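Q: I have a structure here, written as structure tokens, and I will follow up with some questions on it.
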Amino acid sequence: MEEQRLRKALRQYTVPVPRPEQKAMTKLLASKALANKPLTQGKPFLQRLRELAAYISPTTWILQAMVLLLVLSGLTGSNGAQLFTTFSIVTPLLGIIGGCELIRSYGHNMWELEMSCRHNLRSIFAVKMLILGCVDFFVLGAAIFITGLSGTKFALTAVMILVPFNLSNSLYLWLIVKLRHRCTNYVLAGTGVFLSLIMLWINGALNQTLFAKIFSQYMVAVPILTASLVLLIAAAAILLRSSGKGYNKWNYI
Amino acid sequence: MKDAELITRIKQGERDLLGILIERYYDQIFKFCYYKTGDEALAYDCAQDTFLRMIRYMDSYIEKDRFKPYLFQIASNACNDGLRKRDDCFIEDEAEAKEGLTAAFDKEDIGNQIAVADTVRTALNALPQMQRDVIILRFYSDLKINEIAKVTGVNIPTVKSRLRQGKNKLKKILEKEGLF
């Protein structure tokens, strides 16, 4: 109440209306100052990570979770060697999801627009890879932990899971750099399946006894199912995009 | 369009949006500068300087902060610099001050209105600068306590303390003059 009375008393001291020419002069000088100012980053790196994470398609996170759950559910009751083999076969497929997210920039020639914006395409790719890599780090960590529980040595686990994962990602990135806008989800998915088959063959060659077990109806189903799912979803995404539907959100920051 | 989005798009190169930002805040900033300096000409200079500084320091502005208190903080510093350059905190030429006040009122009953405004202005100038800033931001610019804290660079209890002391002093002065 008292504050209202004081406010009413103070408001009797009023301000002249600003002159339009003064406002116009301010706008003109400000525009000139802004025109002379180069665009700079001026953003903390963590903030940039957080903001760019919003532009990664939710499909990517859902797919990664589905792949992991599918693999884990298929491995219930498996022994150490089976777990180990399955993970080493499936890890090349995990990298396809990240690769598909990266090549989204090549869709509709968006890479040209992103290159002309504040951050260049290489920088955007690097930050996206960092975000996806941090998530994959936890996924792989869970995989190594699960195989470790079954008694498999850590060094062997790291070699048979991390090596195929890193090699497959390196190959995907090489394809993206080499093919650029010609690199599609089909190419990455096909490469991933091919790498999984190589891992299958390697695991078979390392352990002849296991080779027979791998081709048992149970064990071969998991990587094949996973690969099929990835291919199906990639095909659906391509079809949706070509039909003009689907989720697209572009990043300019 | 929200301030954060406007700033982001200006930083990204949509320079035409700067006019919208200035249009949105110019009147408020001018009003604040006028109350702080008491001088119309100096208020125009300080308002202009505020927006030029805003552009100069735009890179350091982080979008999560609210823009309005940030801009008022710049305006407050610009006014302090302007007043320091002028080398006084009060208007020395009373006639010049009253001429500025004349422009704010209608022709009718102008004499009485000028007298009242002059009384309020004198009461404000009688406050220490720290309390005056808080009073201006609260009663003329309608900022919240936490926003005033950001503008003045002190914590919320200090703002409340200065506001309380400022209000008490103003009440006493205005009561003597019969305006409260």
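Each chain of the structure tokens is named A, B, ... in the order shown, its residues numbered from 1; ligands are numbered from 1 in display order.
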List every residue of chain B that has an atom at most 8 Å from any atom of chain A, and for each one report the closest atom pair and its distance in Å to one decimal, counting only C-alpha atoms, with rows sorted by chain and then by increasing residue number, as a tab-separated table.

A:
```
residue	atom	partner	partner_atom	distance
B:Lys11	CA	A:Leu39	CA	6.4
B:Gln12	CA	A:Arg118	CA	6.1
B:Gly13	CA	A:Leu39	CA	7.2
B:Arg15	CA	A:Leu34	CA	7.2
B:Leu18	CA	A:Ser31	CA	7.1
B:Gly19	CA	A:Lys27	CA	6.1
B:Ile22	CA	A:Lys27	CA	6.8
B:Tyr26	CA	A:Lys23	CA	7.2
B:Asp27	CA	A:Pro18	CA	6.7
B:Phe30	CA	A:Pro18	CA	7.1
B:Lys31	CA	A:Val15	CA	6.2
B:Tyr34	CA	A:Val15	CA	7.0
B:Tyr35	CA	A:Val15	CA	7.7
B:Tyr44	CA	A:Gln22	CA	7.1
B:Gln48	CA	A:Thr26	CA	5.4
B:Phe51	CA	A:Ala30	CA	6.7
B:Leu52	CA	A:Ala30	CA	5.6
B:Ile55	CA	A:Leu34	CA	6.4
B:Arg56	CA	A:Ala33	CA	7.9
B:Asp59	CA	A:Gly42	CA	4.9
B:Ser60	CA	A:Gly42	CA	6.1
B:Ile62	CA	A:Lys43	CA	7.2
B:Gly100	CA	A:Pro16	CA	7.6
B:Leu101	CA	A:Pro16	CA	7.3
B:Ala103	CA	A:Pro16	CA	5.7
B:Ala104	CA	A:Pro16	CA	4.1
B:Phe105	CA	A:Pro16	CA	7.7
B:Gln113	CA	A:Gln12	CA	7.6
B:Val116	CA	A:Gln12	CA	6.8
B:Ala117	CA	A:Tyr13	CA	4.2
B:Asp118	CA	A:Tyr13	CA	7.3
B:Val120	CA	A:Tyr13	CA	6.1
B:Arg121	CA	A:Tyr13	CA	6.7
B:Phe139	CA	A:Arg7	CA	6.0
B:Tyr140	CA	A:Arg11	CA	7.4
B:Lys167	CA	A:Leu6	CA	7.9
B:Lys171	CA	A:Leu6	CA	7.2
B:Leu179	CA	A:Ala9	CA	6.4
B:Phe180	CA	A:Ala9	CA	6.7
```

Q: What is the atom CA of A:Gly141 to atom CA of A:Thr85 distance in Å?

A: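 Distance reported for this atom pair: 15.9 Å.
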
Q: Could you pull out the residues in chain B that DSSP calls helix (DSSP H, G or I) from the backbone, as number ranges by chain?

A: B: 3-11, 15-37, 40-56, 58-60, 67-86, 94-102, 110-125, 129-140, 145-152, 156-176

Q: Looking at only C-alpha atoms, which of B:Ile135, B:Ala115, B:Cys33, B:Ala4 is the one that sits closest to B:Phe72?

A: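 Nearest candidate to B:Phe72 out of B:Ile135, B:Ala115, B:Cys33, B:Ala4: B:Cys33.
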